[in-house]
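Shown below: upload-v3.cif, with mmCIF, N, CA and C atoms.
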```cif
data_structure
loop_
_atom_site.label_atom_id
_atom_site.label_comp_id
_atom_site.auth_asym_id
_atom_site.auth_seq_id
_atom_site.Cartn_x
_atom_site.Cartn_y
_atom_site.Cartn_z
N MET A 1273 -31.21 -19.82 -6.86
CA MET A 1273 -30.77 -18.81 -5.91
C MET A 1273 -29.42 -19.20 -5.30
N HIS A 1274 -29.27 -20.48 -4.97
CA HIS A 1274 -28.04 -20.98 -4.36
C HIS A 1274 -26.87 -20.86 -5.35
N ILE A 1275 -27.14 -21.16 -6.62
CA ILE A 1275 -26.11 -21.07 -7.66
C ILE A 1275 -25.70 -19.62 -7.85
N THR A 1276 -26.64 -18.70 -7.82
CA THR A 1276 -26.33 -17.28 -7.98
C THR A 1276 -25.41 -16.79 -6.86
N ALA A 1277 -25.70 -17.18 -5.63
CA ALA A 1277 -24.87 -16.76 -4.50
C ALA A 1277 -23.48 -17.34 -4.61
N SER A 1278 -23.36 -18.60 -5.02
CA SER A 1278 -22.06 -19.24 -5.18
C SER A 1278 -21.26 -18.57 -6.29
N LEU A 1279 -21.93 -18.29 -7.40
CA LEU A 1279 -21.27 -17.62 -8.52
C LEU A 1279 -20.77 -16.23 -8.10
N PHE A 1280 -21.59 -15.52 -7.33
CA PHE A 1280 -21.21 -14.20 -6.84
C PHE A 1280 -19.94 -14.28 -6.00
N LEU A 1281 -19.86 -15.27 -5.10
CA LEU A 1281 -18.68 -15.42 -4.24
C LEU A 1281 -17.44 -15.76 -5.05
N VAL A 1282 -17.58 -16.60 -6.05
CA VAL A 1282 -16.44 -16.95 -6.92
C VAL A 1282 -15.98 -15.72 -7.68
N LEU A 1283 -16.90 -14.96 -8.25
CA LEU A 1283 -16.53 -13.75 -8.98
C LEU A 1283 -15.88 -12.72 -8.08
N MET A 1284 -16.37 -12.60 -6.85
CA MET A 1284 -15.79 -11.65 -5.90
C MET A 1284 -14.36 -12.05 -5.55
N ALA A 1285 -14.12 -13.34 -5.32
CA ALA A 1285 -12.76 -13.82 -5.01
C ALA A 1285 -11.84 -13.58 -6.19
N CYS A 1286 -12.31 -13.84 -7.41
CA CYS A 1286 -11.49 -13.58 -8.60
C CYS A 1286 -11.19 -12.10 -8.75
N SER A 1287 -12.16 -11.26 -8.44
CA SER A 1287 -11.97 -9.82 -8.51
C SER A 1287 -10.92 -9.37 -7.51
N LEU A 1288 -10.97 -9.88 -6.29
CA LEU A 1288 -9.97 -9.54 -5.28
C LEU A 1288 -8.60 -9.97 -5.74
N TYR A 1289 -8.50 -11.19 -6.30
CA TYR A 1289 -7.21 -11.68 -6.75
C TYR A 1289 -6.69 -10.83 -7.90
N ALA A 1290 -7.57 -10.46 -8.81
CA ALA A 1290 -7.15 -9.66 -9.97
C ALA A 1290 -6.65 -8.29 -9.54
N GLN A 1291 -7.23 -7.73 -8.47
CA GLN A 1291 -6.81 -6.41 -8.02
C GLN A 1291 -5.38 -6.43 -7.52
N THR A 1292 -4.98 -7.52 -6.90
CA THR A 1292 -3.66 -7.56 -6.29
C THR A 1292 -2.94 -8.86 -6.63
N SER A 1293 -2.93 -9.25 -7.91
CA SER A 1293 -2.24 -10.46 -8.30
C SER A 1293 -0.74 -10.22 -8.13
N CYS A 1294 -0.26 -10.58 -6.98
CA CYS A 1294 1.10 -10.28 -6.58
C CYS A 1294 2.10 -11.13 -7.35
N PRO A 1295 3.09 -10.50 -7.99
CA PRO A 1295 4.07 -11.27 -8.75
C PRO A 1295 4.97 -12.09 -7.84
N THR A 1296 5.24 -11.61 -6.62
CA THR A 1296 6.10 -12.33 -5.69
C THR A 1296 5.49 -12.27 -4.29
N PRO A 1297 4.50 -13.11 -4.02
CA PRO A 1297 3.85 -13.07 -2.71
C PRO A 1297 4.84 -13.44 -1.61
N ASP A 1298 4.69 -12.81 -0.46
CA ASP A 1298 5.57 -13.06 0.67
C ASP A 1298 4.71 -13.47 1.86
N HIS A 1299 4.51 -14.76 2.02
CA HIS A 1299 3.64 -15.26 3.08
C HIS A 1299 4.36 -15.30 4.43
N SER A 1300 5.67 -15.04 4.44
CA SER A 1300 6.42 -15.06 5.69
C SER A 1300 6.64 -13.66 6.27
N ALA A 1301 6.05 -12.66 5.64
CA ALA A 1301 6.21 -11.28 6.11
C ALA A 1301 5.59 -11.13 7.50
N PRO A 1302 6.23 -10.33 8.38
CA PRO A 1302 5.66 -10.14 9.72
C PRO A 1302 4.33 -9.41 9.65
N ILE A 1303 3.41 -9.79 10.53
CA ILE A 1303 2.11 -9.15 10.61
C ILE A 1303 2.31 -7.76 11.21
N PRO A 1304 1.80 -6.72 10.55
CA PRO A 1304 2.04 -5.36 11.06
C PRO A 1304 1.15 -5.02 12.26
N LEU A 1305 1.64 -4.09 13.05
CA LEU A 1305 0.84 -3.49 14.11
C LEU A 1305 0.07 -2.36 13.46
N ALA A 1306 -1.21 -2.56 13.22
CA ALA A 1306 -2.01 -1.61 12.44
C ALA A 1306 -2.44 -0.40 13.26
N LEU A 1307 -2.28 0.76 12.68
CA LEU A 1307 -2.75 2.02 13.24
C LEU A 1307 -3.77 2.58 12.26
N VAL A 1308 -4.92 2.98 12.73
CA VAL A 1308 -5.92 3.54 11.82
C VAL A 1308 -5.39 4.84 11.22
N SER A 1309 -4.83 5.68 12.05
CA SER A 1309 -4.16 6.89 11.59
C SER A 1309 -3.15 7.28 12.65
N SER A 1310 -2.16 8.04 12.25
CA SER A 1310 -1.13 8.43 13.19
C SER A 1310 -0.43 9.69 12.68
N PRO A 1311 -0.15 10.63 13.58
CA PRO A 1311 0.63 11.79 13.15
C PRO A 1311 2.10 11.43 12.91
N LEU A 1312 2.50 10.21 13.27
CA LEU A 1312 3.88 9.78 13.10
C LEU A 1312 4.18 9.31 11.68
N ILE A 1313 3.13 8.90 10.95
CA ILE A 1313 3.29 8.38 9.59
C ILE A 1313 2.28 9.06 8.68
N ARG A 1314 2.80 9.66 7.60
CA ARG A 1314 1.93 10.34 6.63
C ARG A 1314 2.19 9.79 5.24
N VAL A 1315 1.13 9.61 4.46
CA VAL A 1315 1.26 9.15 3.08
C VAL A 1315 0.90 10.33 2.19
N ARG A 1316 1.81 10.70 1.27
CA ARG A 1316 1.62 11.87 0.40
C ARG A 1316 2.04 11.55 -1.01
N PRO A 1317 1.33 11.83 -2.01
CA PRO A 1317 -0.13 11.77 -2.12
C PRO A 1317 -0.53 10.36 -2.48
N PRO A 1318 -1.78 9.99 -2.27
CA PRO A 1318 -2.21 8.66 -2.72
C PRO A 1318 -2.21 8.62 -4.25
N PRO A 1319 -1.81 7.52 -4.84
CA PRO A 1319 -1.73 7.45 -6.31
C PRO A 1319 -3.09 7.22 -6.95
N LEU A 1320 -3.72 8.29 -7.32
CA LEU A 1320 -5.00 8.14 -8.00
C LEU A 1320 -4.82 7.92 -9.49
N LYS A 1321 -3.80 8.56 -10.04
CA LYS A 1321 -3.48 8.36 -11.45
C LYS A 1321 -2.00 8.04 -11.56
N VAL A 1322 -1.68 6.95 -12.25
CA VAL A 1322 -0.29 6.56 -12.41
C VAL A 1322 0.16 6.84 -13.83
N PRO A 1323 1.45 7.11 -14.05
CA PRO A 1323 2.52 7.00 -13.08
C PRO A 1323 2.45 8.10 -12.01
N ALA A 1324 2.85 7.73 -10.80
CA ALA A 1324 2.83 8.67 -9.68
C ALA A 1324 3.92 8.29 -8.68
N HIS A 1325 4.27 9.25 -7.84
CA HIS A 1325 5.20 8.99 -6.75
C HIS A 1325 4.43 9.06 -5.44
N VAL A 1326 4.65 8.09 -4.59
CA VAL A 1326 4.05 8.05 -3.28
C VAL A 1326 5.17 8.29 -2.28
N HIS A 1327 4.96 9.25 -1.39
CA HIS A 1327 5.94 9.54 -0.34
C HIS A 1327 5.34 9.14 0.99
N VAL A 1328 6.11 8.40 1.76
CA VAL A 1328 5.71 8.03 3.11
C VAL A 1328 6.66 8.75 4.05
N ASP A 1329 6.13 9.71 4.79
CA ASP A 1329 6.91 10.50 5.74
C ASP A 1329 6.73 9.91 7.13
N VAL A 1330 7.85 9.60 7.77
CA VAL A 1330 7.83 8.99 9.09
C VAL A 1330 8.59 9.89 10.05
N LYS A 1331 7.98 10.19 11.18
CA LYS A 1331 8.62 11.04 12.19
C LYS A 1331 10.02 10.50 12.49
N ALA A 1332 11.03 11.35 12.37
CA ALA A 1332 12.43 10.94 12.52
C ALA A 1332 12.71 10.35 13.90
N THR A 1333 11.96 10.78 14.92
CA THR A 1333 12.19 10.27 16.27
C THR A 1333 11.89 8.77 16.39
N LEU A 1334 11.13 8.20 15.43
CA LEU A 1334 10.88 6.75 15.43
C LEU A 1334 12.11 5.96 14.99
N LYS A 1335 13.05 6.64 14.33
CA LYS A 1335 14.25 6.01 13.77
C LYS A 1335 13.89 4.85 12.82
N PRO A 1336 13.14 5.18 11.78
CA PRO A 1336 12.73 4.14 10.83
C PRO A 1336 13.92 3.64 10.02
N SER A 1337 13.98 2.33 9.80
CA SER A 1337 15.07 1.77 9.01
C SER A 1337 14.62 1.42 7.59
N ARG A 1338 13.34 1.12 7.43
CA ARG A 1338 12.84 0.70 6.12
C ARG A 1338 11.32 0.86 6.10
N VAL A 1339 10.79 1.13 4.91
CA VAL A 1339 9.34 1.14 4.70
C VAL A 1339 9.05 0.24 3.52
N GLU A 1340 8.08 -0.64 3.71
CA GLU A 1340 7.58 -1.46 2.61
C GLU A 1340 6.20 -0.94 2.24
N LEU A 1341 5.94 -0.81 0.96
CA LEU A 1341 4.64 -0.36 0.49
C LEU A 1341 3.85 -1.58 0.02
N TRP A 1342 2.76 -1.86 0.73
CA TRP A 1342 1.89 -2.99 0.43
C TRP A 1342 0.58 -2.46 -0.13
N THR A 1343 -0.14 -3.31 -0.85
CA THR A 1343 -1.43 -2.94 -1.41
C THR A 1343 -2.37 -4.13 -1.35
N GLY A 1344 -3.65 -3.81 -1.36
CA GLY A 1344 -4.65 -4.87 -1.34
C GLY A 1344 -6.05 -4.30 -1.39
N PRO A 1345 -7.03 -5.18 -1.29
CA PRO A 1345 -8.42 -4.75 -1.31
C PRO A 1345 -8.86 -4.20 0.03
N THR A 1346 -9.99 -3.54 0.06
CA THR A 1346 -10.56 -3.07 1.32
C THR A 1346 -11.48 -4.15 1.88
N GLY A 1347 -11.78 -4.05 3.14
CA GLY A 1347 -12.70 -5.00 3.76
C GLY A 1347 -12.02 -5.82 4.84
N THR A 1348 -12.78 -6.73 5.42
CA THR A 1348 -12.24 -7.59 6.46
C THR A 1348 -11.95 -8.97 5.89
N GLY A 1349 -10.99 -9.65 6.48
CA GLY A 1349 -10.65 -11.00 6.06
C GLY A 1349 -9.97 -11.07 4.71
N VAL A 1350 -9.24 -10.02 4.32
CA VAL A 1350 -8.59 -10.01 3.01
C VAL A 1350 -7.06 -9.93 3.10
N ALA A 1351 -6.51 -10.18 4.29
CA ALA A 1351 -5.07 -10.02 4.50
C ALA A 1351 -4.24 -10.88 3.55
N GLU A 1352 -4.73 -12.06 3.21
CA GLU A 1352 -3.96 -12.94 2.32
C GLU A 1352 -3.90 -12.43 0.89
N PHE A 1353 -4.67 -11.40 0.57
CA PHE A 1353 -4.65 -10.83 -0.77
C PHE A 1353 -3.69 -9.64 -0.89
N TYR A 1354 -3.00 -9.29 0.21
CA TYR A 1354 -2.09 -8.16 0.16
C TYR A 1354 -0.78 -8.52 -0.53
N CYS A 1355 -0.19 -7.52 -1.16
CA CYS A 1355 1.01 -7.72 -1.97
C CYS A 1355 2.01 -6.60 -1.66
N ARG A 1356 3.28 -6.95 -1.52
CA ARG A 1356 4.32 -5.94 -1.33
C ARG A 1356 4.70 -5.39 -2.70
N LEU A 1357 4.49 -4.07 -2.87
CA LEU A 1357 4.84 -3.42 -4.14
C LEU A 1357 6.32 -3.07 -4.20
N ALA A 1358 6.85 -2.55 -3.10
CA ALA A 1358 8.23 -2.07 -3.11
C ALA A 1358 8.73 -1.87 -1.68
N SER A 1359 10.04 -1.69 -1.57
CA SER A 1359 10.67 -1.45 -0.28
C SER A 1359 11.71 -0.34 -0.46
N ASP A 1360 11.85 0.51 0.54
CA ASP A 1360 12.83 1.60 0.48
C ASP A 1360 13.55 1.68 1.82
N ASP A 1361 14.88 1.62 1.77
CA ASP A 1361 15.67 1.76 2.99
C ASP A 1361 16.69 2.89 2.86
N HIS A 1362 16.36 3.85 1.99
CA HIS A 1362 17.21 5.03 1.79
C HIS A 1362 16.38 6.31 1.91
N PRO A 1363 15.95 6.63 3.12
CA PRO A 1363 15.11 7.83 3.28
C PRO A 1363 15.91 9.12 3.18
N VAL A 1364 15.18 10.20 2.98
CA VAL A 1364 15.75 11.54 2.94
C VAL A 1364 15.11 12.34 4.08
N LEU A 1365 15.91 13.09 4.82
CA LEU A 1365 15.38 13.91 5.91
C LEU A 1365 14.66 15.12 5.32
N VAL A 1366 13.38 15.28 5.68
CA VAL A 1366 12.56 16.42 5.25
C VAL A 1366 11.95 17.01 6.51
N GLY A 1367 12.55 18.08 7.02
CA GLY A 1367 12.08 18.66 8.28
C GLY A 1367 12.27 17.68 9.42
N LYS A 1368 11.18 17.37 10.11
CA LYS A 1368 11.23 16.43 11.24
C LYS A 1368 10.86 15.01 10.83
N TYR A 1369 10.77 14.77 9.51
CA TYR A 1369 10.35 13.47 8.99
C TYR A 1369 11.43 12.86 8.11
N MET A 1370 11.44 11.52 8.07
CA MET A 1370 12.26 10.78 7.12
C MET A 1370 11.31 10.41 5.98
N ARG A 1371 11.68 10.77 4.75
CA ARG A 1371 10.82 10.52 3.59
C ARG A 1371 11.31 9.30 2.82
N PHE A 1372 10.39 8.35 2.66
CA PHE A 1372 10.61 7.17 1.84
C PHE A 1372 9.77 7.34 0.58
N SER A 1373 10.36 7.08 -0.59
CA SER A 1373 9.66 7.36 -1.85
C SER A 1373 9.49 6.10 -2.69
N PHE A 1374 8.34 6.05 -3.36
CA PHE A 1374 8.00 4.90 -4.19
C PHE A 1374 7.41 5.39 -5.51
N ALA A 1375 7.84 4.80 -6.61
CA ALA A 1375 7.27 5.11 -7.92
C ALA A 1375 6.24 4.04 -8.27
N ILE A 1376 5.02 4.46 -8.54
CA ILE A 1376 3.97 3.55 -8.99
C ILE A 1376 3.81 3.80 -10.49
N THR A 1377 4.20 2.82 -11.28
CA THR A 1377 4.20 3.02 -12.74
C THR A 1377 3.01 2.39 -13.44
N SER A 1378 2.30 1.51 -12.74
CA SER A 1378 1.19 0.80 -13.37
C SER A 1378 0.16 0.42 -12.30
N CYS A 1379 -1.06 0.28 -12.74
CA CYS A 1379 -2.14 -0.17 -11.83
C CYS A 1379 -2.22 -1.69 -11.77
N LYS A 1380 -1.36 -2.38 -12.51
CA LYS A 1380 -1.46 -3.83 -12.64
C LYS A 1380 -1.53 -4.55 -11.30
N HIS A 1381 -0.72 -4.16 -10.32
CA HIS A 1381 -0.68 -4.86 -9.04
C HIS A 1381 -1.22 -4.02 -7.89
N VAL A 1382 -1.84 -2.89 -8.20
CA VAL A 1382 -2.32 -1.98 -7.15
C VAL A 1382 -3.78 -2.30 -6.83
N GLY A 1383 -4.06 -2.49 -5.54
CA GLY A 1383 -5.43 -2.75 -5.08
C GLY A 1383 -6.14 -1.45 -4.77
N MET A 1384 -7.11 -1.50 -3.88
CA MET A 1384 -7.90 -0.33 -3.53
C MET A 1384 -7.39 0.38 -2.27
N ARG A 1385 -6.33 -0.15 -1.69
CA ARG A 1385 -5.80 0.43 -0.45
C ARG A 1385 -4.28 0.30 -0.46
N LEU A 1386 -3.61 1.33 0.04
CA LEU A 1386 -2.16 1.27 0.26
C LEU A 1386 -1.90 1.07 1.74
N GLU A 1387 -0.89 0.31 2.05
CA GLU A 1387 -0.50 0.09 3.43
C GLU A 1387 1.01 0.18 3.55
N PRO A 1388 1.54 1.35 3.95
CA PRO A 1388 2.97 1.41 4.22
C PRO A 1388 3.26 0.72 5.55
N ARG A 1389 4.27 -0.14 5.55
CA ARG A 1389 4.70 -0.83 6.76
C ARG A 1389 6.07 -0.29 7.14
N VAL A 1390 6.12 0.32 8.31
CA VAL A 1390 7.32 1.04 8.76
C VAL A 1390 8.07 0.18 9.77
N PHE A 1391 9.31 -0.14 9.44
CA PHE A 1391 10.16 -0.92 10.32
C PHE A 1391 11.02 0.03 11.15
N VAL A 1392 10.92 -0.10 12.47
CA VAL A 1392 11.68 0.75 13.38
C VAL A 1392 12.55 -0.13 14.27
N GLY A 1393 13.67 0.44 14.72
CA GLY A 1393 14.61 -0.30 15.55
C GLY A 1393 13.97 -0.82 16.83
N GLY A 1394 14.30 -2.05 17.18
CA GLY A 1394 13.83 -2.62 18.43
C GLY A 1394 12.44 -3.23 18.39
N LYS A 1395 11.77 -3.18 17.23
CA LYS A 1395 10.42 -3.76 17.12
C LYS A 1395 10.41 -4.82 16.03
N LYS A 1396 9.80 -5.96 16.35
CA LYS A 1396 9.70 -7.04 15.35
C LYS A 1396 8.56 -6.77 14.38
N GLN A 1397 7.47 -6.20 14.89
CA GLN A 1397 6.32 -5.89 14.04
C GLN A 1397 6.47 -4.51 13.45
N PRO A 1398 6.25 -4.36 12.13
CA PRO A 1398 6.26 -3.01 11.55
C PRO A 1398 5.00 -2.25 11.96
N LEU A 1399 5.11 -0.93 11.98
CA LEU A 1399 3.94 -0.07 12.19
C LEU A 1399 3.28 0.11 10.83
N SER A 1400 1.97 0.27 10.82
CA SER A 1400 1.26 0.34 9.56
C SER A 1400 0.07 1.28 9.65
N VAL A 1401 -0.15 2.04 8.60
CA VAL A 1401 -1.36 2.84 8.46
C VAL A 1401 -1.99 2.49 7.11
N TYR A 1402 -3.27 2.79 6.97
CA TYR A 1402 -3.96 2.49 5.72
C TYR A 1402 -4.31 3.77 5.00
N GLU A 1403 -4.19 3.71 3.68
CA GLU A 1403 -4.57 4.83 2.83
C GLU A 1403 -5.54 4.29 1.79
N GLY A 1404 -6.73 4.84 1.74
CA GLY A 1404 -7.71 4.37 0.78
C GLY A 1404 -9.09 4.36 1.41
N PRO A 1405 -10.08 3.91 0.74
CA PRO A 1405 -10.01 3.28 -0.58
C PRO A 1405 -9.85 4.31 -1.69
N PHE A 1406 -9.27 3.86 -2.77
CA PHE A 1406 -9.14 4.68 -3.96
C PHE A 1406 -9.13 3.77 -5.17
N GLU A 1407 -9.29 4.36 -6.32
CA GLU A 1407 -9.24 3.61 -7.57
C GLU A 1407 -8.01 4.04 -8.34
N CYS A 1408 -7.14 3.10 -8.60
CA CYS A 1408 -5.94 3.39 -9.39
C CYS A 1408 -6.33 3.48 -10.85
N ARG A 1409 -5.91 4.55 -11.50
CA ARG A 1409 -6.21 4.75 -12.92
C ARG A 1409 -4.94 5.09 -13.68
N GLU A 1410 -4.81 4.55 -14.86
CA GLU A 1410 -3.68 4.84 -15.73
C GLU A 1410 -3.90 6.20 -16.39
N ARG A 1411 -2.85 6.97 -16.47
CA ARG A 1411 -2.93 8.25 -17.20
C ARG A 1411 -3.01 7.97 -18.69
N THR A 1412 -3.77 8.79 -19.38
CA THR A 1412 -3.79 8.74 -20.83
C THR A 1412 -3.19 10.04 -21.32
N ASP A 1413 -2.84 10.12 -22.60
CA ASP A 1413 -2.19 11.31 -23.14
C ASP A 1413 -2.97 12.59 -22.84
N HIS A 1414 -4.29 12.54 -22.93
CA HIS A 1414 -5.07 13.77 -22.71
C HIS A 1414 -5.13 14.11 -21.21
N ASN A 1415 -4.74 13.20 -20.30
CA ASN A 1415 -4.72 13.52 -18.87
C ASN A 1415 -3.46 14.27 -18.46
N HIS A 1416 -2.43 14.27 -19.30
CA HIS A 1416 -1.19 14.96 -18.96
C HIS A 1416 -1.28 16.47 -19.06
N LYS A 1417 -2.34 16.97 -19.64
CA LYS A 1417 -2.45 18.42 -19.85
C LYS A 1417 -2.76 19.13 -18.57
#
```
Written form, structure tokens:
Amino acid sequence: MHITASLFLVLMACSLYAQTSCPTPDHSAPIPLALVSSPLIRVRPPPLKVPAHVHVDVKATLKPSRVELWTGPTGTGVAEFYCRLASDDHPVLVGKYMRFSFAITSCKHVGMRLEPRVFVGGKKQPLSVYEGPFECRERTDHNHK
């Protein structure tokens, strides 16, 4: 019984690592100020099938300078498994929002949750919301129809 529980924990840790095996981990990244949800930050649409584009719309009044798109597993105590997928510092004004765009071309480094981290002037900690859980799936030829 003890061996089974230990094996389960090892397999679970390997599974978490496999979901977000970050090619360039950044352990010095600032810890975000997490928001469960906010009308100031919207994620459109979540990438259920890749390739896909993810748009992060941030209320222009926040004066966002950059958005980093992070990914990782769901649950508690998994922060060290998060990986930065991309960064965008060239937003486009869309109505009252600044739109930051990201292309997700593969599920290789995508976990079960997206976390856009929004950097705004005058704040050391980025603002962050969570999107997920979801399962990233690769498109196949018959899915393009």
(request) Go through A:Ser1373, A:His1381, A:Ser1400, A:Glu1410 and flag the residue nearest Thr1343 in chain A, using all atoms listed in the file for the distances. (result)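 For Thr1343 in chain A, the nearest of the candidates is A:His1381.
With only N, CA and C atoms as the atoms that count, the minimum distance from Arg1338 in chain A to the choices A:Val1326, A:Leu1365, A:Val1315, A:Val1392 is reached by A:Val1392.
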(message) Just the number, please: distance in Å from atom N of Pro1336 in chain A to atom N of Leu1305 in chain A, one decimal.
(response) 14.8 Å
(message) Between atom C of Gln1397 in chain A and atom N of Ser1359 in chain A, what is the distance in Å, rounded to a tenth?
(response) 15.7 Å
(message) Could you tell me how far atom N of Pro1398 in chain A sits from atom N of Ile1303 in chain A, in Å to one decimal place?
(response)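 A separation of 6.3 Å between them.
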(request) Could you tell me which residues the PyMOL selection byres ((chain A and resi 1403) around 7) grabs in this file, written as a PyMOL selection string? (result) chain A and resi 1384-1388+1401-1402+1404-1406
Could you write out the selected residues, including N, CA and C atoms, as an mmCIF file, keeping the file's coordinate frame?
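Saved file again24.cif follows:
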```cif
data_model
loop_
_atom_site.group_PDB
_atom_site.id
_atom_site.type_symbol
_atom_site.label_atom_id
_atom_site.label_comp_id
_atom_site.auth_asym_id
_atom_site.auth_seq_id
_atom_site.Cartn_x
_atom_site.Cartn_y
_atom_site.Cartn_z
ATOM 1 N N MET A 1384 -7.110 -1.500 -3.880
ATOM 2 C CA MET A 1384 -7.900 -0.330 -3.530
ATOM 3 C C MET A 1384 -7.390 0.380 -2.270
ATOM 4 N N ARG A 1385 -6.330 -0.150 -1.690
ATOM 5 C CA ARG A 1385 -5.800 0.430 -0.450
ATOM 6 C C ARG A 1385 -4.280 0.300 -0.460
ATOM 7 N N LEU A 1386 -3.610 1.330 0.040
ATOM 8 C CA LEU A 1386 -2.160 1.270 0.260
ATOM 9 C C LEU A 1386 -1.900 1.070 1.740
ATOM 10 N N GLU A 1387 -0.890 0.310 2.050
ATOM 11 C CA GLU A 1387 -0.500 0.090 3.430
ATOM 12 C C GLU A 1387 1.010 0.180 3.550
ATOM 13 N N PRO A 1388 1.540 1.350 3.950
ATOM 14 C CA PRO A 1388 2.970 1.410 4.220
ATOM 15 C C PRO A 1388 3.260 0.720 5.550
ATOM 16 N N VAL A 1401 -0.150 2.040 8.600
ATOM 17 C CA VAL A 1401 -1.360 2.840 8.460
ATOM 18 C C VAL A 1401 -1.990 2.490 7.110
ATOM 19 N N TYR A 1402 -3.270 2.790 6.970
ATOM 20 C CA TYR A 1402 -3.960 2.490 5.720
ATOM 21 C C TYR A 1402 -4.310 3.770 5.000
ATOM 22 N N GLY A 1404 -6.730 4.840 1.740
ATOM 23 C CA GLY A 1404 -7.710 4.370 0.780
ATOM 24 C C GLY A 1404 -9.090 4.360 1.410
ATOM 25 N N PRO A 1405 -10.080 3.910 0.740
ATOM 26 C CA PRO A 1405 -10.010 3.280 -0.580
ATOM 27 C C PRO A 1405 -9.850 4.310 -1.690
ATOM 28 N N PHE A 1406 -9.270 3.860 -2.770
ATOM 29 C CA PHE A 1406 -9.140 4.680 -3.960
ATOM 30 C C PHE A 1406 -9.130 3.770 -5.170
#
```
(request) Identify which of the residues A:Lys1368, A:Ile1376, A:Gly1383, A:Lys1331 lies closest to Cys1355 in chain A, counting only N, CA and C atoms when measuring atom-to-atom distances. (result)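 The shortest atom-to-atom distance to Cys1355 in chain A comes from A:Gly1383.
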(message) So that I can see what lies close to His1327 in chain A, please list as a list in words the residues with an atom at most 6.5 Å from it, counting only N, CA and C atoms and leaving out residues fewer than 6 positions away in the same chain.
(response) Arg1314, Val1315, Arg1316, Pro1317, Arg1371, Phe1372, Ser1373 and Phe1374 of chain A
With N, CA and C atoms retained, export the selected residues as a PDB file, keeping the file's coordinate frame.
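Output file selection_10.pdb follows:
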```
ATOM      1  N   ARG A1314       2.800   9.660   7.600  1.00  0.00           N
ATOM      2  CA  ARG A1314       1.930  10.340   6.630  1.00  0.00           C
ATOM      3  C   ARG A1314       2.190   9.790   5.240  1.00  0.00           C
ATOM      4  N   VAL A1315       1.130   9.610   4.460  1.00  0.00           N
ATOM      5  CA  VAL A1315       1.260   9.150   3.080  1.00  0.00           C
ATOM      6  C   VAL A1315       0.900  10.330   2.190  1.00  0.00           C
ATOM      7  N   ARG A1316       1.810  10.700   1.270  1.00  0.00           N
ATOM      8  CA  ARG A1316       1.620  11.870   0.400  1.00  0.00           C
ATOM      9  C   ARG A1316       2.040  11.550  -1.010  1.00  0.00           C
ATOM     10  N   PRO A1317       1.330  11.830  -2.010  1.00  0.00           N
ATOM     11  CA  PRO A1317      -0.130  11.770  -2.120  1.00  0.00           C
ATOM     12  C   PRO A1317      -0.530  10.360  -2.480  1.00  0.00           C
ATOM     13  N   ARG A1371      11.680  10.770   4.750  1.00  0.00           N
ATOM     14  CA  ARG A1371      10.820  10.520   3.590  1.00  0.00           C
ATOM     15  C   ARG A1371      11.310   9.300   2.820  1.00  0.00           C
ATOM     16  N   PHE A1372      10.390   8.350   2.660  1.00  0.00           N
ATOM     17  CA  PHE A1372      10.610   7.170   1.840  1.00  0.00           C
ATOM     18  C   PHE A1372       9.770   7.340   0.580  1.00  0.00           C
ATOM     19  N   SER A1373      10.360   7.080  -0.590  1.00  0.00           N
ATOM     20  CA  SER A1373       9.660   7.360  -1.850  1.00  0.00           C
ATOM     21  C   SER A1373       9.490   6.100  -2.690  1.00  0.00           C
ATOM     22  N   PHE A1374       8.340   6.050  -3.360  1.00  0.00           N
ATOM     23  CA  PHE A1374       8.000   4.900  -4.190  1.00  0.00           C
ATOM     24  C   PHE A1374       7.410   5.390  -5.510  1.00  0.00           C
TER      25      PHE A1374
END
```
(message) Using only C-alpha atoms, can you tell me which of A:Lys1321, A:Lys1396, A:His1362, A:Lys1335 comes closest to Arg1411 in chain A?
(response)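 Among A:Lys1321, A:Lys1396, A:His1362, A:Lys1335, it is A:Lys1321 that comes nearest to Arg1411 in chain A.
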(message) Considering only N, CA and C atoms, can you say which of A:Cys1408, A:Val1366, A:Leu1399, A:Leu1312 comes closest to Cys1379 in chain A?
(response)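 Checking each of A:Cys1408, A:Val1366, A:Leu1399, A:Leu1312 against Cys1379 in chain A, counting only N, CA and C atoms, the winner is A:Cys1408.
Of the residues under consideration (A:Ala1375, A:Leu1357, A:Val1382, A:Arg1409), A:Leu1357 shows the shortest atom-to-atom contact distance to Leu1341 in chain A when counting only N, CA and C atoms.
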(message) For the helix (DSSP H, G or I) assignment from backbone DSSP, which residues of range 1297-1401 of chain A qualify? Please present them as a list in words.
(response)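 Assigned to helix (DSSP H, G or I), within range 1297-1401 of chain A: Ala1332, Thr1333, Leu1334, Ala1351, Glu1352 and Phe1353 of chain A.
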